[in-house]
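Source file: coords_11.txt; contents: compact mmCIF, C-alpha atoms and all ligand atoms.
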```txt
# COMPACT_ATOMS: atom_id res chain seq x y z
CA MET A 1 71.65 -101.59 26.35
CA PRO A 2 71.57 -98.13 27.99
CA PHE A 3 74.45 -95.92 26.80
CA LYS A 4 75.27 -95.22 30.46
CA THR A 5 76.02 -98.93 31.07
CA LEU A 6 78.34 -99.31 28.08
CA TYR A 7 80.00 -96.00 28.94
CA GLY A 8 80.55 -97.18 32.51
CA ASN A 9 82.31 -100.26 31.15
CA GLY A 10 84.60 -98.26 28.86
CA THR A 11 84.50 -94.50 28.45
CA ARG A 12 85.56 -94.83 24.78
CA PHE A 13 83.77 -98.07 23.98
CA TRP A 14 82.56 -96.84 20.57
CA LEU A 15 86.15 -96.45 19.37
CA GLN A 16 86.71 -100.19 19.66
CA LYS A 17 86.29 -102.29 16.50
CA HIS A 18 82.88 -103.67 17.37
CA SER A 19 79.29 -102.87 16.56
CA TRP A 20 77.22 -101.33 19.32
CA ALA A 21 73.50 -100.89 19.91
CA TYR A 22 72.47 -98.51 22.66
CA TYR A 23 69.91 -95.92 23.63
CA ILE A 24 70.04 -92.67 25.57
CA THR A 25 67.14 -91.53 27.76
CA GLU A 26 65.70 -88.08 27.19
CA GLU A 27 66.99 -86.92 30.57
CA ASN A 28 70.55 -88.07 29.80
CA ARG A 29 70.38 -86.67 26.27
CA LEU A 30 69.68 -83.21 27.72
CA LYS A 31 72.62 -83.56 30.13
CA ILE A 32 74.95 -84.59 27.32
CA GLU A 33 73.78 -81.67 25.16
CA GLU A 34 74.44 -79.33 28.04
CA LEU A 35 77.98 -80.70 28.51
CA THR A 36 78.90 -80.83 24.84
CA ALA A 37 77.56 -77.30 24.29
CA ALA A 38 80.12 -76.08 26.84
CA LYS A 39 82.98 -77.17 24.58
CA PRO A 40 82.84 -78.89 21.19
CA ILE A 41 84.64 -82.23 21.29
CA GLY A 42 87.08 -82.61 18.43
CA GLU A 43 90.56 -83.70 17.68
CA ALA A 44 91.88 -82.05 20.81
CA GLU A 45 90.30 -84.75 22.96
CA ILE A 46 91.96 -87.53 20.99
CA ASN A 47 95.39 -85.87 20.71
CA PRO A 48 96.82 -85.49 24.22
CA LYS A 49 99.35 -82.91 23.07
CA ALA A 50 96.82 -80.51 21.64
CA PRO A 51 96.54 -77.11 23.35
CA GLU A 52 92.86 -77.67 24.16
CA GLN A 53 93.81 -80.58 26.42
CA LYS A 54 93.26 -78.88 29.76
CA VAL A 55 89.77 -77.66 28.94
CA ILE A 56 88.80 -81.05 27.57
CA GLN A 57 90.13 -82.79 30.64
CA GLU A 58 87.98 -80.54 32.77
CA ASN A 59 84.97 -81.41 30.64
CA SER A 60 85.76 -85.11 30.91
CA ALA A 61 85.98 -84.74 34.67
CA GLN A 62 82.55 -83.10 34.67
CA VAL A 63 81.16 -85.95 32.61
CA GLU A 64 82.68 -88.47 35.01
CA GLU A 65 81.27 -86.63 37.98
CA LYS A 66 77.80 -86.40 36.45
CA LYS A 67 77.94 -90.05 35.41
CA ASP A 68 78.92 -91.17 38.89
CA SER A 69 76.23 -89.16 40.59
CA ASP A 70 73.64 -90.38 38.06
CA SER A 71 74.71 -93.97 38.59
CA ALA A 72 74.70 -93.58 42.33
CA LEU A 73 71.16 -92.31 42.26
CA SER A 74 69.63 -95.08 40.25
CA ASN A 75 70.22 -98.27 38.32
CA THR A 76 66.53 -98.74 37.50
CA GLU A 77 67.07 -98.87 33.73
CA GLU A 78 69.60 -101.68 34.06
CA VAL A 79 67.40 -103.69 36.43
CA LYS A 80 64.43 -103.23 34.06
CA ASN A 81 66.60 -104.60 31.27
CA ILE A 82 67.35 -107.76 33.30
CA TYR A 83 63.61 -108.20 34.08
CA HIS A 84 62.87 -107.88 30.38
CA HIS A 85 65.18 -110.83 29.71
CA ILE A 86 63.59 -112.84 32.54
CA LYS A 87 60.18 -112.24 30.93
CA VAL A 88 61.45 -113.44 27.55
CA LEU A 89 63.07 -116.53 29.12
CA ASN A 90 59.90 -117.36 31.04
CA GLU A 91 57.78 -116.97 27.89
CA HIS A 92 59.96 -119.55 26.14
CA ILE A 93 59.69 -121.86 29.15
CA ALA A 94 55.86 -121.50 29.13
CA ASN A 95 55.70 -122.02 25.34
CA LYS A 96 58.02 -125.03 25.61
CA THR A 97 60.21 -123.68 22.80
CA THR A 98 62.55 -126.40 21.57
CA ASP A 99 64.49 -124.71 18.75
CA PRO A 100 68.14 -124.70 20.00
CA THR A 101 69.05 -121.61 17.96
CA VAL A 102 66.18 -119.59 19.46
CA ILE A 103 66.87 -120.77 23.02
CA SER A 104 70.62 -120.24 22.73
CA GLY A 105 69.99 -116.75 21.34
CA VAL A 106 67.77 -115.64 24.22
CA LEU A 107 70.13 -117.23 26.76
CA VAL A 108 73.18 -115.47 25.33
CA ASP A 109 71.35 -112.12 25.23
CA ALA A 110 70.12 -112.49 28.82
CA VAL A 111 73.49 -113.57 30.20
CA ARG A 112 75.42 -110.93 28.23
CA ASP A 113 73.30 -108.04 29.52
CA THR A 114 73.13 -109.36 33.09
CA ALA A 115 76.92 -109.85 33.25
CA LEU A 116 77.63 -106.44 31.73
CA ILE A 117 75.16 -104.68 34.01
CA ASN A 118 76.58 -106.42 37.09
CA ARG A 119 80.12 -105.36 36.16
CA ASN A 120 79.07 -101.78 35.64
CA VAL A 121 76.79 -101.39 38.66
CA LEU A 122 79.24 -103.15 41.00
CA MET A 123 82.15 -100.98 39.89
CA ASN A 124 80.01 -97.88 40.51
CA ALA A 125 78.98 -99.30 43.87
CA MET A 126 82.67 -99.48 44.86
CA GLN A 127 82.56 -95.70 45.22
CA LEU A 128 79.77 -95.86 47.81
CA SER A 129 79.90 -96.81 51.47
CA ASN A 130 79.14 -100.50 52.06
CA LEU A 131 75.73 -99.72 53.49
CA GLU A 132 74.75 -97.36 50.66
CA ALA A 133 76.11 -99.82 48.12
CA LYS A 134 74.00 -102.70 49.47
CA VAL A 135 70.88 -100.56 49.14
CA PHE A 136 71.99 -99.43 45.68
CA THR A 137 72.56 -103.02 44.47
CA ALA A 138 69.56 -104.65 46.20
CA ASN A 139 67.34 -104.74 43.10
CA LEU A 140 70.23 -105.78 40.90
CA VAL A 141 70.86 -108.76 43.21
CA LYS A 142 67.17 -109.77 43.14
CA SER A 143 66.87 -109.51 39.36
CA THR A 144 70.17 -111.34 38.74
CA ILE A 145 69.13 -114.24 40.97
CA GLU A 146 65.84 -114.48 39.05
CA MET A 147 67.71 -114.43 35.73
CA VAL A 148 69.96 -117.24 36.95
CA LYS A 149 66.93 -119.30 38.02
CA ALA A 150 65.08 -118.67 34.73
CA SER A 151 68.11 -119.43 32.55
CA SER A 152 69.02 -122.55 34.57
CA SER A 153 65.50 -123.91 33.99
CA PHE A 154 66.38 -124.78 30.40
CA LYS A 155 68.02 -128.09 29.71
CA MET A 156 71.31 -126.34 29.06
CA GLU A 157 72.99 -129.67 28.47
CA THR A 158 70.77 -130.07 25.39
CA PHE A 159 71.11 -126.51 24.17
CA PHE A 160 74.78 -125.87 24.78
CA LYS A 161 76.69 -126.53 21.57
CA ASP A 162 80.18 -125.03 21.24
CA GLU A 163 79.65 -124.01 17.62
CA LEU A 164 76.23 -122.49 18.18
CA ILE A 165 77.16 -120.54 21.31
CA GLY A 166 80.45 -119.53 19.65
CA SER A 167 78.56 -118.08 16.70
CA LEU A 168 76.19 -116.16 18.98
CA VAL A 169 78.90 -114.80 21.28
CA LYS A 170 80.47 -112.82 18.49
CA LYS A 171 83.55 -110.71 18.13
CA ASN A 172 81.64 -107.59 19.01
CA GLU A 173 81.81 -108.42 22.71
CA CYS A 174 84.86 -107.55 24.74
CA PRO A 175 86.93 -110.72 25.51
CA ILE A 176 86.02 -110.70 29.20
CA LEU A 177 82.32 -110.50 28.47
CA ARG A 178 82.57 -113.32 25.91
CA HIS A 179 84.36 -115.41 28.54
CA MET A 180 81.72 -114.63 31.19
CA ILE A 181 78.84 -115.63 28.89
CA ARG A 182 80.43 -118.87 27.74
CA SER A 183 81.75 -119.89 31.17
CA TYR A 184 78.31 -119.43 32.70
CA LEU A 185 76.41 -121.38 30.03
CA HIS A 186 79.10 -124.04 29.74
CA GLY A 187 79.44 -124.37 33.53
CA VAL A 188 75.70 -124.72 34.11
CA ALA A 189 75.47 -127.32 31.32
CA PHE A 190 78.33 -129.26 32.91
CA LEU A 191 76.76 -129.16 36.38
CA GLU A 192 73.51 -130.44 34.85
CA TYR A 193 75.40 -133.28 33.17
CA TYR A 194 77.12 -134.06 36.49
CA ASN A 195 73.73 -134.23 38.23
CA ASN A 196 72.39 -136.53 35.54
CA ILE A 197 75.18 -139.04 35.95
CA MET A 198 74.90 -138.82 39.75
CA SER A 199 71.26 -139.89 39.47
CA SER A 200 72.55 -143.31 38.40
CA SER A 201 74.19 -145.34 41.15
CA TYR A 202 76.14 -147.16 38.43
CA ALA A 203 78.41 -144.13 37.71
CA VAL A 204 79.67 -143.89 41.29
CA SER A 205 80.10 -147.68 41.57
CA ARG A 206 82.17 -147.70 38.40
CA LEU A 207 84.40 -144.90 39.69
CA ARG A 208 84.88 -146.81 42.92
CA ILE A 209 85.85 -149.98 41.04
CA GLU A 210 88.41 -148.24 38.80
CA PHE A 211 89.70 -145.89 41.52
CA ASN A 212 92.81 -147.79 42.64
CA LYS A 213 94.15 -148.42 39.16
CA LYS A 214 93.22 -145.16 37.48
CA TYR A 215 93.17 -142.48 40.16
CA LEU A 216 94.98 -143.55 43.32
CA PRO A 217 98.49 -142.50 42.18
CA LEU A 218 97.16 -139.08 41.18
CA TYR A 219 95.37 -138.38 44.47
CA ALA A 220 98.21 -139.83 46.55
CA THR A 221 100.31 -136.75 45.72
CA LEU A 222 97.52 -134.48 46.93
CA LEU A 223 97.13 -136.42 50.19
CA PRO A 224 100.79 -137.38 50.87
CA HIS A 225 100.27 -137.79 54.63
CA LEU A 226 97.83 -140.68 54.09
CA ASP A 227 98.70 -144.29 53.44
CA HIS A 228 97.54 -145.54 50.01
CA SER A 229 95.15 -147.94 51.73
CA GLN A 230 93.36 -144.95 53.25
CA ILE A 231 92.77 -143.15 49.93
CA SER A 232 89.45 -143.93 48.25
CA LEU A 233 86.69 -142.09 46.36
CA GLU A 234 85.35 -140.95 49.74
CA ARG A 235 88.70 -139.21 50.42
CA VAL A 236 88.32 -137.25 47.18
CA PHE A 237 84.74 -136.11 47.81
CA TYR A 238 84.04 -135.28 51.43
CA LYS A 239 81.08 -137.38 52.65
CA GLY A 240 80.84 -139.06 49.23
CA MET A 241 80.13 -138.06 45.66
CA ARG A 242 76.58 -136.83 45.24
CA ALA A 243 74.12 -134.76 43.19
CA ILE A 244 73.74 -131.00 43.76
CA PRO A 245 70.40 -129.96 45.31
CA PRO A 246 68.44 -127.19 43.45
CA ASN A 247 69.14 -124.29 45.85
CA LEU A 248 72.83 -124.95 45.88
CA PHE A 249 72.74 -125.38 42.10
CA TYR A 250 71.34 -121.83 41.65
CA ASN A 251 73.86 -120.34 44.09
CA TRP A 252 76.72 -122.04 42.27
CA ALA A 253 75.35 -120.92 38.90
CA LEU A 254 75.34 -117.36 40.26
CA GLY A 255 79.00 -117.80 41.22
CA LEU A 256 79.80 -118.97 37.68
CA LEU A 257 78.18 -115.84 36.30
CA LEU A 258 80.00 -113.44 38.63
CA HIS A 259 83.39 -115.14 38.94
CA ASP A 260 85.36 -112.65 36.82
CA ILE A 261 83.42 -109.55 37.78
CA GLY A 262 86.67 -107.93 38.99
CA LYS A 263 88.51 -108.23 35.67
CA GLU A 264 89.67 -105.13 33.85
CA THR A 265 89.34 -104.95 30.07
CA THR A 266 92.94 -103.76 29.61
CA VAL A 267 94.75 -106.59 31.47
CA GLU A 268 95.88 -109.88 29.87
CA TYR A 269 94.64 -112.74 32.09
CA ASN A 270 95.75 -115.68 29.99
CA HIS A 271 98.70 -117.56 31.55
CA HIS A 272 100.04 -118.39 28.12
CA GLU A 273 100.22 -114.83 26.83
CA GLU A 274 103.44 -112.85 27.01
CA LYS A 275 101.79 -109.89 28.67
CA PHE A 276 100.44 -112.05 31.54
CA ASN A 277 101.17 -110.43 34.89
CA HIS A 278 100.64 -112.69 37.91
CA ASN A 279 100.04 -109.86 40.37
CA LYS A 280 97.58 -108.07 38.09
CA ALA A 281 95.71 -111.35 37.57
CA LYS A 282 95.58 -111.83 41.33
CA GLU A 283 93.95 -108.43 41.66
CA HIS A 284 90.82 -109.50 39.75
CA VAL A 285 90.12 -112.12 42.40
CA LYS A 286 90.52 -109.62 45.24
CA LEU A 287 88.49 -106.92 43.51
CA GLY A 288 85.75 -109.42 42.63
CA ILE A 289 85.47 -110.62 46.22
CA SER A 290 85.55 -107.13 47.63
CA ALA A 291 82.76 -106.00 45.28
CA ILE A 292 80.52 -108.98 46.02
CA VAL A 293 81.11 -109.17 49.80
CA ASN A 294 81.11 -105.50 50.66
CA LYS A 295 78.78 -104.01 48.10
CA THR A 296 76.05 -106.63 47.62
CA ASN A 297 74.01 -109.23 49.45
CA TYR A 298 74.87 -112.02 47.02
CA CYS A 299 75.13 -115.47 48.63
CA ARG A 300 78.35 -116.77 50.22
CA GLU A 301 78.69 -119.48 47.56
CA ALA A 302 79.20 -116.80 44.89
CA VAL A 303 81.88 -115.18 47.07
CA PHE A 304 83.80 -118.43 47.59
CA ILE A 305 83.61 -119.36 43.90
CA THR A 306 84.94 -115.93 42.93
CA GLY A 307 87.74 -116.12 45.49
CA TYR A 308 88.85 -119.70 44.94
CA HIS A 309 88.54 -120.26 41.19
CA HIS A 310 92.30 -120.05 40.54
CA ASP A 311 93.59 -122.20 43.42
CA TYR A 312 94.60 -125.19 41.26
CA TYR A 313 95.17 -127.40 44.32
CA GLY A 314 97.82 -125.01 45.65
CA SER A 315 99.95 -125.05 42.48
CA SER A 316 102.74 -122.44 42.48
CA ASP A 317 101.15 -120.52 39.60
CA GLY A 318 97.70 -120.55 41.20
CA TYR A 319 96.37 -117.34 42.70
CA GLY A 320 93.15 -118.29 44.41
CA MET A 321 92.82 -117.10 47.98
CA TYR A 322 92.05 -120.39 49.73
CA HIS A 323 95.56 -121.71 49.34
CA ALA A 324 97.01 -118.67 51.11
CA TYR A 325 94.53 -119.11 54.00
CA LEU A 326 95.34 -122.81 54.12
CA GLU A 327 99.10 -122.16 54.38
CA ASN A 328 98.47 -119.84 57.27
CA PHE A 329 96.19 -122.34 58.99
CA ARG A 330 98.84 -125.08 58.62
CA LYS A 331 101.50 -122.84 60.11
CA ASN A 332 99.36 -122.13 63.15
CA ASN A 333 97.97 -125.67 63.49
CA PRO A 334 100.85 -128.05 62.73
CA GLY A 335 98.98 -131.08 64.08
CA LYS A 336 95.98 -130.68 61.73
CA SER A 337 95.74 -131.91 58.16
CA GLN A 338 93.27 -131.87 55.29
CA ASP A 339 92.23 -135.47 54.71
CA PHE A 340 89.81 -134.79 51.83
CA CYS A 341 90.30 -133.21 48.42
CA ILE A 342 86.93 -131.60 47.63
CA GLY A 343 84.13 -130.25 49.82
CA TYR A 344 80.57 -129.49 48.68
CA ASP A 345 79.88 -127.22 51.66
CA ILE A 346 81.44 -123.90 52.58
CA GLU A 347 81.69 -125.15 56.17
CA ASN A 348 84.29 -127.74 55.03
CA LEU A 349 86.48 -124.88 53.84
CA LEU A 350 85.89 -122.69 56.87
CA LYS A 351 87.05 -125.61 59.05
CA TYR A 352 89.99 -126.38 56.70
CA GLU A 353 88.88 -129.99 56.33
CA VAL A 354 89.36 -130.07 52.55
CA LEU A 355 91.81 -128.92 49.87
CA SER A 356 89.23 -127.28 47.61
CA TYR A 357 85.62 -126.24 46.96
CA PHE A 358 83.57 -128.35 44.49
CA PRO A 359 82.11 -125.55 42.28
CA ALA A 360 85.50 -123.79 42.16
CA LYS A 361 87.13 -127.03 40.91
CA VAL A 362 84.40 -127.33 38.26
CA LEU A 363 84.90 -123.70 37.24
CA GLU A 364 88.68 -124.14 36.97
CA ILE A 365 88.12 -126.77 34.27
CA VAL A 366 85.52 -124.77 32.34
CA ASP A 367 87.61 -121.61 32.73
CA VAL A 368 90.89 -123.12 31.43
CA TYR A 369 89.08 -124.87 28.56
CA ASP A 370 87.42 -121.62 27.53
CA THR A 371 90.68 -119.67 27.62
CA LEU A 372 92.51 -122.27 25.55
CA THR A 373 89.79 -122.58 22.90
CA ASP A 374 88.57 -118.97 22.55
CA LYS A 375 88.75 -118.64 18.78
CA GLU A 376 87.92 -114.95 18.76
CA SER A 377 90.95 -113.99 20.84
CA VAL A 378 94.27 -112.85 19.49
CA GLY A 379 97.00 -115.52 19.43
CA CYS A 380 97.13 -119.18 18.54
CA ARG A 381 94.12 -120.97 20.06
CA LEU A 382 93.73 -124.70 20.36
CA SER A 383 91.18 -127.04 18.85
CA HIS A 384 88.92 -129.02 21.20
CA ASN A 385 91.19 -132.11 21.04
CA GLN A 386 94.40 -130.11 21.51
CA ALA A 387 92.92 -128.34 24.53
CA ILE A 388 91.73 -131.58 26.13
CA ASP A 389 95.14 -133.22 25.56
CA LYS A 390 96.99 -130.24 26.99
CA MET A 391 94.73 -130.04 30.03
CA TRP A 392 95.04 -133.78 30.73
CA ASN A 393 98.81 -133.99 30.18
CA ASP A 394 99.92 -130.69 31.70
CA PHE A 395 97.28 -129.86 34.30
CA VAL A 396 96.23 -133.31 35.51
CA ILE A 397 99.15 -135.72 34.96
CA LYS A 398 102.34 -133.61 35.10
CA ARG A 399 100.96 -131.18 37.66
CA ARG A 400 97.86 -131.75 39.74
CA LYS A 401 96.11 -128.44 39.03
CA LEU A 402 92.72 -129.69 37.84
CA ASP A 403 90.83 -132.46 39.57
CA PRO A 404 91.35 -135.80 37.74
CA ILE A 405 87.88 -137.31 38.31
CA LEU A 406 86.01 -134.09 37.53
CA PHE A 407 88.16 -133.66 34.42
CA ASN A 408 87.26 -137.16 33.21
CA ILE A 409 83.57 -136.35 33.73
CA PHE A 410 84.13 -133.13 31.77
CA MET A 411 85.67 -135.12 28.88
CA ALA A 412 82.65 -137.43 28.80
CA PHE A 413 80.36 -134.38 28.85
CA LYS A 414 82.22 -132.77 25.92
CA LYS A 415 81.81 -135.92 23.84
CA LEU A 416 78.06 -135.67 24.26
CA ILE A 417 77.48 -132.00 23.51
FE FE A 501 89.29 -115.55 36.92
FE FE A 502 87.29 -116.86 34.25
```
Target encoding structure tokens, full file:
Amino acid sequence: MPFKTLYGNGTRFWLQKHSWAYYITEENRLKIEELTAAKPIGEAEINPKAPEQKVIQENSAQVEEKKDSDSALSNTEEVKNIYHHIKVLNEHIANKTTDPTVISGVLVDAVRDTALINRNVLMNAMQLSNLEAKVFTANLVKSTIEMVKASSSFKMETFFKDELIGSLVKKNECPILRHMIRSYLHGVAFLEYYNNIMSSSYAVSRLRIEFNKKYLPLYATLLPHLDHSQISLERVFYKGMRAIPPNLFYNWALGLLLHDIGKETTVEYNHHEEKFNHNKAKEHVKLGISAIVNKTNYCREAVFITGYHHDYYGSSDGYGMYHAYLENFRKNNPGKSQDFCIGYDIENLLKYEVLSYFPAKVLEIVDVYDTLTDKESVGCRLSHNQAIDKMWNDFVIKRRKLDPILFNIFMAFKKLI
């Protein structure tokens, strides 16, 4: 990883208790030498009360300024890095590599670097005008889409094993990066599994048969204006439950990769942690959307997934943006209602026909599961069974935050992998 990228993600990253591997280009090495020659960096920089503070601050400001102007001029090194990973992934596809450890290793490396580079480049792009930023990020967008396509070509469902991925996504990543890698791989594997079961007409028929007994009471609270006789599987999934076509699949996978791009490393985003701050957490959604919409040409699906992945069907502790828009729409259109729970198309949301967006509902499940089971994080984490029980009891039965049918499919998926 280029030093510049890691530095952009944390100006003191090497002081964290992790191991780092990076390189510095000759051009940047000369710049650093020039800056450090101006004033030796010592204890004064670390101790804020030291008399040298002012001079050091000025030097830091110069470094920041140089870094920003360097970043603004080019992100070629980062884009080259992503293309390197695409080449490696494509070689394994061509060679039909089947070893899960090898495949998981190259996938984790590719996703880690692509996520980290996107975070860094997008945050730098925030300092540019929208037009300049879109030019600046154009190659990043192209390379990231190619990485998503190459990585989604593997049978992720076969390669994704909690233990294996957990051992590859080690402690030496920052928690947000670990979460981004796992959520992407886990989410893509789950979408693949979903598509597989949708290819059999039996799965949908079975859901339809057991709907009244198993699911009707749960969905009735989400659609309280409808009579029970009007609530069926077709009311849950707008225009019926179906498989995801390839183009949409890639766009959704891209959304999974970028969904937490606006998170800061210093903020606690876990609901269950003491330090959790609702407003701060809300900010990561807004910042993520702003970066993707204004500073890149990424597809609309990625924007909607980023914006709506904490809606939780309008739960009071949700902070996705769709619910706020929906409230406003209801206020201004008292005669209109949402008669369906989940839409596959953005148009369903733009017309306020549905309560939620399919890939965002999928991501909510993967996202909560990952947060509850992240063994590398500080605090008491749950085992797989404890997490599933908690999600079912607290987030499906007691409160309708996660979608019941999608959660049941997720449970079946977790039994297989
Ligand atoms: Fe998030
Ligand atoms: Fe997340």
Residues near segment 219-230 of chain A, anyone? I mean within 12 Å using only C-alpha atoms, not counting same-chain ones fewer than 3 positions away, as a PyMOL selection string. chain A and resi 211-216+233-237+312-315+335-342+354-356+396-405
What is the distance, in Å and to one decimal place, between atom CA of Asn195 of chain A and atom CA of Tyr322 of chain A?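 Going from atom CA of Asn195 of chain A over to atom CA of Tyr322 of chain A, I get 25.7 Å.
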Which of these residues is nearest to Thr158 of chain A, using only C-alpha atoms: A:His186, A:Lys134, A:Arg178, A:His259?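 Closest candidate: A:His186.
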Please, what distance in Å, to one decimal, runs between atom CA of Asn251 of chain A and atom CA of Val188 of chain A?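 Atom-to-atom, atom CA of Asn251 of chain A and atom CA of Val188 of chain A are spaced 11.1 Å apart.
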Taking all listed atoms of segment 123-141 of chain A, build the axis-aligned box, pad each of the six sides by 3 Å, then write its centre and edge lengths in Å to one decimal as AutoDock Vina command-line options.
```
--center_x 75.0 --center_y -102.2 --center_z 46.7 --size_x 21.3 --size_y 19.1 --size_z 19.6
```
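Of the listed residues (A:Trp392, A:Tyr352, A:Tyr308, A:Tyr344), A:Tyr308 comes nearest to ligand FE 501 (chain A); the distances count all atoms listed in the file.
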When the cut-off is 7 Å and you count all atoms listed in the file, which residues lie near ligand FE 502 (chain A), shown as number ranges by chain? A: 179-180, 259-260, 367
A:Pro100, A:Leu128, A:Tyr202, A:Asn196: which is nearest Phe154 of chain A, counting only C-alpha atoms? A:Pro100
Sorted by chain and rising residue number, list the residues of chain A at most 10 Å from ligand FE 501 (chain A) (counting all atoms listed in the file), each with its closest atom pair and distance in Å to one decimal, as CSV.
```
residue,atom,partner,partner_atom,distance
A:Ile176,CA,A:FE501,FE,9.7
A:His179,CA,A:FE501,FE,9.7
A:Met180,CA,A:FE501,FE,9.5
A:Leu258,CA,A:FE501,FE,9.7
A:His259,CA,A:FE501,FE,6.2
A:Asp260,CA,A:FE501,FE,4.9
A:Ile261,CA,A:FE501,FE,8.4
A:Gly262,CA,A:FE501,FE,8.3
A:Lys263,CA,A:FE501,FE,7.5
A:Tyr269,CA,A:FE501,FE,7.7
A:Asn270,CA,A:FE501,FE,9.5
A:Ala281,CA,A:FE501,FE,7.7
A:Lys282,CA,A:FE501,FE,8.5
A:Glu283,CA,A:FE501,FE,9.7
A:His284,CA,A:FE501,FE,6.9
A:Val285,CA,A:FE501,FE,6.5
A:Gly288,CA,A:FE501,FE,9.1
A:Ile305,CA,A:FE501,FE,9.8
A:Thr306,CA,A:FE501,FE,7.4
A:Gly307,CA,A:FE501,FE,8.7
A:Tyr308,CA,A:FE501,FE,9.0
A:His309,CA,A:FE501,FE,6.4
A:His310,CA,A:FE501,FE,6.5
A:Tyr319,CA,A:FE501,FE,9.3
A:Gly320,CA,A:FE501,FE,8.9
A:Leu363,CA,A:FE501,FE,9.3
A:Glu364,CA,A:FE501,FE,8.6
A:Asp367,CA,A:FE501,FE,7.6
A:Val368,CA,A:FE501,FE,9.5
```
Which residue out of A:Leu191, A:Ser183, A:Tyr298, A:Asn333 has the minimum interatomic distance to Thr371 of chain A when only C-alpha atoms are used?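 Closest residue, counting only C-alpha atoms: A:Ser183.
Atom pair atom CA of Lys149 of chain A / atom CA of Tyr250 of chain A has a distance of 6.2 Å (rounded to one decimal).
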If you count only C-alpha atoms, which residues fall within 12 Å of Phe249 of chain A, apart from same-chain ones fewer than 3 positions away, as a list of chain:residue names? A:Ile145, A:Val148, A:Lys149, A:Ser152, A:Ser153, A:Gly187, A:Val188, A:Ala189, A:Phe190, A:Leu191, A:Glu192, A:Tyr194, A:Asn195, A:Ala243, A:Ile244, A:Pro245, A:Pro246, A:Trp252, A:Ala253, A:Leu254, A:Gly255, A:Leu256, A:Glu301, A:Ala302, A:Tyr344, A:Phe358, A:Pro359
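Distances to Pro175 of chain A were evaluated for A:Arg300, A:Tyr7, A:Asn279, A:Leu116 using all atoms listed in the file, and the minimum falls at A:Leu116.
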My list of candidates is A:Arg242, A:Ser290, A:Asp109, A:Lys361. Which is closest to Ile197 of chain A when distances are computed with only C-alpha atoms? A:Arg242
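Neighbours of Glu77 of chain A closer than or equal to 10 Å, with all atoms listed in the file counted and sequence neighbours fewer than 2 positions away skipped, come out as Met1, Pro2, Lys4, Thr5, Thr25, Ser74, Asn75, Val79, Lys80, Asn81, Ile82, Tyr83 and Ile117 of chain A.
Excluding Asn385 of chain A itself and same-chain residues fewer than 3 positions from it, the residues having an atom within 12 Å of it are Tyr369, Leu372, Thr373, Arg381, Leu382, Ile388, Asp389, Lys390, Met391, Trp392, Met411, Lys414 and Lys415 of chain A, counting all atoms listed in the file.
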